[in-house]
Amino acid sequence: MKKNIFAVLFFCISMLYSVNALAMPLGMIHIVYWENSYGQYTYFMLIENDGPIAPTVTTPSSHTITNWQAFPPIQVPAGDKSLDDDENLVVFGLDTERDDIIISNVATLNAQSLFHGQEESGFDDSDSDGIFNQTVAWHLPFNSSWGLNDTVKPGDWIAVMFTLSEEVTSFNSWVGGSDDAVIWNTQSTMLEDEFGIYDADKGLYLASILTRKIQARKYGH
């Protein structure tokens, strides 16, 4: 049965202000879903920027990032790097913890938003079969200009939707923030990991990412 998007939006907003357990250090996130007429599952996600994390957070001293662009891949040192570059949301997404599911109809519902969503390969391999988990992620464009007014600022929110071929009730979610309007230096060696977007040449994170397990709630239940 086709759902009323405005009713779902109202439901999600009310949940954001009433369920503190879903609050993330960088943002508040809630997901509702329903089975659609094609036997697939439509997911509606609402994220509110709840402000930055503590300014003293750093990566572990022994942390490294795999540079898959090198042949053979090498480990790049990234320990004791600051993760306080996090005021405005520039990227967010969900890890399905599956590698055998179809993700489709990825959309951003905020009018005029520059955030683009797509299916991507994740960093984790939940079933240890050598295939990375499938994720759905939204980010501001890497290769075109945008400003801080295009980010999700503290107190603002963004709504998105996507479809899965099978029902998933639990996700690993992430939100990434930055204080800068440049999070990808094309002239540098750019790497990504669970902590953020890293400029290996400059030795700093241009955007920091925080992850958390989150449950999706079936609409009407």
# chains A, B, ... in the order shown; residues from 1 in each chain; ligands from 1
$ residues_around --residues "stretch 116-119 of chain A" --least-positions-apart "2" --cutoff "8 Å" --atoms "only C-alpha atoms" --output "MDAnalysis selection string"
chainID A and resid 103:104 106:108 114 121 134:141
$ closest_atom_pairs --of "stretch 85-119 of chain A" --to "stretch 172-181 of chain A" --cutoff "7 Å" --atoms "only C-alpha atoms" --output "Markdown table"
| residue | atom | partner | partner_atom | distance |
| --- | --- | --- | --- | --- |
| A:Asp85 | CA | A:Ser178 | CA | 4.7 |
| A:Asp86 | CA | A:Gly177 | CA | 3.9 |
| A:Glu87 | CA | A:Asp179 | CA | 5.5 |
| A:Asn88 | CA | A:Gly177 | CA | 4.9 |
| A:Leu89 | CA | A:Gly177 | CA | 4.2 |
| A:Val90 | CA | A:Gly177 | CA | 5.3 |
| A:Val91 | CA | A:Gly176 | CA | 4.9 |
| A:Phe92 | CA | A:Val175 | CA | 4.2 |
| A:Gly93 | CA | A:Trp174 | CA | 5.5 |
| A:Leu94 | CA | A:Ser173 | CA | 4.4 |
| A:Asp95 | CA | A:Asn172 | CA | 4.9 |
| A:Thr96 | CA | A:Asn172 | CA | 6.9 |
$ closest_residue --among "A:Thr59, A:Arg98, A:Ala70, A:Met161" --to "A:Ile31" --atoms "only C-alpha atoms"
A:Met161
$ select_by_dssp --residues "stretch 126-182 of chain A" --states "strand (DSSP E)" --output "PyMOL selection string"
chain A and resi 134-139+157-164+170-178
$ write_last_selection --atoms "N, CA, C and O atoms" --output "PDB file, in the first residue's frame"
ATOM      1  N   GLN A 134      27.551  -4.012   1.327  1.00  0.00           N
ATOM      2  CA  GLN A 134      26.937  -2.983   0.492  1.00  0.00           C
ATOM      3  C   GLN A 134      26.443  -1.846   1.384  1.00  0.00           C
ATOM      4  O   GLN A 134      25.836  -2.075   2.432  1.00  0.00           O
ATOM      5  N   THR A 135      26.710  -0.636   0.962  1.00  0.00           N
ATOM      6  CA  THR A 135      26.277   0.531   1.721  1.00  0.00           C
ATOM      7  C   THR A 135      25.515   1.479   0.800  1.00  0.00           C
ATOM      8  O   THR A 135      25.630   1.405  -0.425  1.00  0.00           O
ATOM      9  N   VAL A 136      24.753   2.375   1.403  1.00  0.00           N
ATOM     10  CA  VAL A 136      24.116   3.463   0.670  1.00  0.00           C
ATOM     11  C   VAL A 136      24.573   4.752   1.348  1.00  0.00           C
ATOM     12  O   VAL A 136      24.490   4.888   2.566  1.00  0.00           O
ATOM     13  N   ALA A 137      25.138   5.664   0.557  1.00  0.00           N
ATOM     14  CA  ALA A 137      25.785   6.851   1.126  1.00  0.00           C
ATOM     15  C   ALA A 137      25.352   8.103   0.387  1.00  0.00           C
ATOM     16  O   ALA A 137      25.065   8.066  -0.814  1.00  0.00           O
ATOM     17  N   TRP A 138      25.320   9.214   1.116  1.00  0.00           N
ATOM     18  CA  TRP A 138      25.022  10.525   0.550  1.00  0.00           C
ATOM     19  C   TRP A 138      26.171  11.462   0.865  1.00  0.00           C
ATOM     20  O   TRP A 138      26.698  11.463   1.991  1.00  0.00           O
ATOM     21  N   HIS A 139      26.581  12.251  -0.106  1.00  0.00           N
ATOM     22  CA  HIS A 139      27.652  13.211   0.138  1.00  0.00           C
ATOM     23  C   HIS A 139      27.499  14.393  -0.810  1.00  0.00           C
ATOM     24  O   HIS A 139      26.830  14.316  -1.854  1.00  0.00           O
ATOM     25  N   TRP A 157      18.188  19.744   9.210  1.00  0.00           N
ATOM     26  CA  TRP A 157      17.944  18.328   8.975  1.00  0.00           C
ATOM     27  C   TRP A 157      17.845  18.056   7.485  1.00  0.00           C
ATOM     28  O   TRP A 157      17.670  18.955   6.677  1.00  0.00           O
ATOM     29  N   ILE A 158      17.966  16.765   7.144  1.00  0.00           N
ATOM     30  CA  ILE A 158      17.851  16.323   5.757  1.00  0.00           C
ATOM     31  C   ILE A 158      17.122  14.986   5.742  1.00  0.00           C
ATOM     32  O   ILE A 158      17.277  14.170   6.659  1.00  0.00           O
ATOM     33  N   ALA A 159      16.292  14.769   4.713  1.00  0.00           N
ATOM     34  CA  ALA A 159      15.519  13.539   4.579  1.00  0.00           C
ATOM     35  C   ALA A 159      15.901  12.828   3.287  1.00  0.00           C
ATOM     36  O   ALA A 159      16.079  13.475   2.253  1.00  0.00           O
ATOM     37  N   VAL A 160      16.014  11.508   3.345  1.00  0.00           N
ATOM     38  CA  VAL A 160      16.390  10.714   2.177  1.00  0.00           C
ATOM     39  C   VAL A 160      15.563   9.433   2.148  1.00  0.00           C
ATOM     40  O   VAL A 160      14.927   9.064   3.137  1.00  0.00           O
ATOM     41  N   MET A 161      15.576   8.759   0.998  1.00  0.00           N
ATOM     42  CA  MET A 161      14.871   7.489   0.844  1.00  0.00           C
ATOM     43  C   MET A 161      15.695   6.540  -0.009  1.00  0.00           C
ATOM     44  O   MET A 161      16.542   6.959  -0.789  1.00  0.00           O
ATOM     45  N   PHE A 162      15.415   5.241   0.132  1.00  0.00           N
ATOM     46  CA  PHE A 162      16.024   4.227  -0.714  1.00  0.00           C
ATOM     47  C   PHE A 162      15.194   2.955  -0.610  1.00  0.00           C
ATOM     48  O   PHE A 162      14.324   2.829   0.259  1.00  0.00           O
ATOM     49  N   THR A 163      15.459   1.997  -1.508  1.00  0.00           N
ATOM     50  CA  THR A 163      14.726   0.736  -1.533  1.00  0.00           C
ATOM     51  C   THR A 163      15.705  -0.425  -1.431  1.00  0.00           C
ATOM     52  O   THR A 163      16.781  -0.392  -2.040  1.00  0.00           O
ATOM     53  N   LEU A 164      15.331  -1.452  -0.668  1.00  0.00           N
ATOM     54  CA  LEU A 164      16.117  -2.678  -0.558  1.00  0.00           C
ATOM     55  C   LEU A 164      15.288  -3.849  -1.073  1.00  0.00           C
ATOM     56  O   LEU A 164      14.063  -3.876  -0.923  1.00  0.00           O
ATOM     57  N   SER A 170      18.456  -3.680  10.925  1.00  0.00           N
ATOM     58  CA  SER A 170      19.573  -3.116  11.681  1.00  0.00           C
ATOM     59  C   SER A 170      20.676  -2.686  10.725  1.00  0.00           C
ATOM     60  O   SER A 170      21.021  -3.421   9.794  1.00  0.00           O
ATOM     61  N   PHE A 171      21.225  -1.494  10.950  1.00  0.00           N
ATOM     62  CA  PHE A 171      22.280  -0.945  10.105  1.00  0.00           C
ATOM     63  C   PHE A 171      23.414  -0.414  10.962  1.00  0.00           C
ATOM     64  O   PHE A 171      23.220  -0.056  12.128  1.00  0.00           O
ATOM     65  N   ASN A 172      24.594  -0.335  10.375  1.00  0.00           N
ATOM     66  CA  ASN A 172      25.654   0.509  10.915  1.00  0.00           C
ATOM     67  C   ASN A 172      25.544   1.852  10.199  1.00  0.00           C
ATOM     68  O   ASN A 172      25.690   1.911   8.977  1.00  0.00           O
ATOM     69  N   SER A 173      25.247   2.896  10.953  1.00  0.00           N
ATOM     70  CA  SER A 173      25.079   4.211  10.347  1.00  0.00           C
ATOM     71  C   SER A 173      26.317   5.053  10.586  1.00  0.00           C
ATOM     72  O   SER A 173      27.078   4.807  11.525  1.00  0.00           O
ATOM     73  N   TRP A 174      26.552   6.025   9.709  1.00  0.00           N
ATOM     74  CA  TRP A 174      27.648   6.963   9.938  1.00  0.00           C
ATOM     75  C   TRP A 174      27.230   8.357   9.502  1.00  0.00           C
ATOM     76  O   TRP A 174      26.392   8.526   8.626  1.00  0.00           O
ATOM     77  N   VAL A 175      27.816   9.332  10.160  1.00  0.00           N
ATOM     78  CA  VAL A 175      27.660  10.730   9.762  1.00  0.00           C
ATOM     79  C   VAL A 175      29.040  11.361   9.778  1.00  0.00           C
ATOM     80  O   VAL A 175      29.859  11.083  10.648  1.00  0.00           O
ATOM     81  N   GLY A 176      29.329  12.186   8.793  1.00  0.00           N
ATOM     82  CA  GLY A 176      30.635  12.817   8.685  1.00  0.00           C
ATOM     83  C   GLY A 176      30.499  14.318   8.597  1.00  0.00           C
ATOM     84  O   GLY A 176      29.606  14.837   7.920  1.00  0.00           O
ATOM     85  N   GLY A 177      31.371  15.019   9.304  1.00  0.00           N
ATOM     86  CA  GLY A 177      31.299  16.464   9.321  1.00  0.00           C
ATOM     87  C   GLY A 177      32.623  17.117   9.007  1.00  0.00           C
ATOM     88  O   GLY A 177      33.687  16.503   9.086  1.00  0.00           O
ATOM     89  N   SER A 178      32.550  18.397   8.630  1.00  0.00           N
ATOM     90  CA  SER A 178      33.739  19.175   8.339  1.00  0.00           C
ATOM     91  C   SER A 178      33.462  20.645   8.603  1.00  0.00           C
ATOM     92  O   SER A 178      32.317  21.094   8.522  1.00  0.00           O
TER      93      SER A 178
END
$ atom_distance --atom1 "atom CA of A:Leu83" --atom2 "atom CA of A:Thr58"
5.3 Å
$ residues_around --residues "A:Thr169" --least-positions-apart "4" --cutoff "10 Å" --atoms "only C-alpha atoms" --output "short mmCIF file (atom, residue, chain, number, x, y, z; two decimals) with C-alpha atoms, in the first residue's frame"
data_model
loop_
_atom_site.label_atom_id
_atom_site.label_comp_id
_atom_site.auth_asym_id
_atom_site.auth_seq_id
_atom_site.Cartn_x
_atom_site.Cartn_y
_atom_site.Cartn_z
CA ILE A 31 14.71 5.29 10.01
CA VAL A 32 11.24 3.96 9.24
CA TYR A 33 10.38 1.51 6.47
CA THR A 96 23.50 -2.94 5.36
CA ILE A 214 20.86 1.81 14.55
CA GLN A 215 17.53 -0.01 14.33
CA ALA A 216 14.94 0.72 11.65
CA ARG A 217 11.30 0.83 12.75
CA LYS A 218 8.60 -0.64 10.55
#
$ residues_around --residues "A:Gln69" --least-positions-apart "3" --cutoff "9 Å" --atoms "only C-alpha atoms" --output "MDAnalysis selection string"
chainID A and resid 66 72:74 189 191
$ write_last_selection --atoms "N, CA, C and O atoms" --output "PDB file, in the first residue's frame"
ATOM      1  N   THR A  66      44.654   1.696   4.759  1.00  0.00           N
ATOM      2  CA  THR A  66      45.124   0.982   3.573  1.00  0.00           C
ATOM      3  C   THR A  66      44.965   1.866   2.342  1.00  0.00           C
ATOM      4  O   THR A  66      43.879   2.381   2.069  1.00  0.00           O
ATOM      5  N   PRO A  72      51.744  -3.092  -4.677  1.00  0.00           N
ATOM      6  CA  PRO A  72      50.622  -3.635  -3.904  1.00  0.00           C
ATOM      7  C   PRO A  72      50.112  -2.611  -2.886  1.00  0.00           C
ATOM      8  O   PRO A  72      50.799  -1.622  -2.602  1.00  0.00           O
ATOM      9  N   PRO A  73      48.908  -2.808  -2.323  1.00  0.00           N
ATOM     10  CA  PRO A  73      48.371  -1.869  -1.319  1.00  0.00           C
ATOM     11  C   PRO A  73      49.323  -1.711  -0.138  1.00  0.00           C
ATOM     12  O   PRO A  73      49.998  -2.665   0.263  1.00  0.00           O
ATOM     13  N   ILE A  74      49.404  -0.501   0.385  1.00  0.00           N
ATOM     14  CA  ILE A  74      50.292  -0.224   1.516  1.00  0.00           C
ATOM     15  C   ILE A  74      49.503   0.385   2.664  1.00  0.00           C
ATOM     16  O   ILE A  74      48.414   0.934   2.480  1.00  0.00           O
ATOM     17  N   THR A 189      46.913  12.460  -2.325  1.00  0.00           N
ATOM     18  CA  THR A 189      46.492  11.073  -2.175  1.00  0.00           C
ATOM     19  C   THR A 189      45.386  11.039  -1.125  1.00  0.00           C
ATOM     20  O   THR A 189      45.640  11.250   0.057  1.00  0.00           O
ATOM     21  N   LEU A 191      42.356   9.202   0.963  1.00  0.00           N
ATOM     22  CA  LEU A 191      41.962   7.888   1.448  1.00  0.00           C
ATOM     23  C   LEU A 191      40.730   8.032   2.335  1.00  0.00           C
ATOM     24  O   LEU A 191      40.464   9.104   2.890  1.00  0.00           O
TER      25      LEU A 191
END
$ select_by_dssp --residues "chain A" --states "helix (DSSP H, G or I)" --output "ChimeraX atom specification"
/A:5-16,20-22,148-150
$ atom_distance --atom1 "atom CA of A:Leu204" --atom2 "atom CA of A:Gly122"
21.5 Å
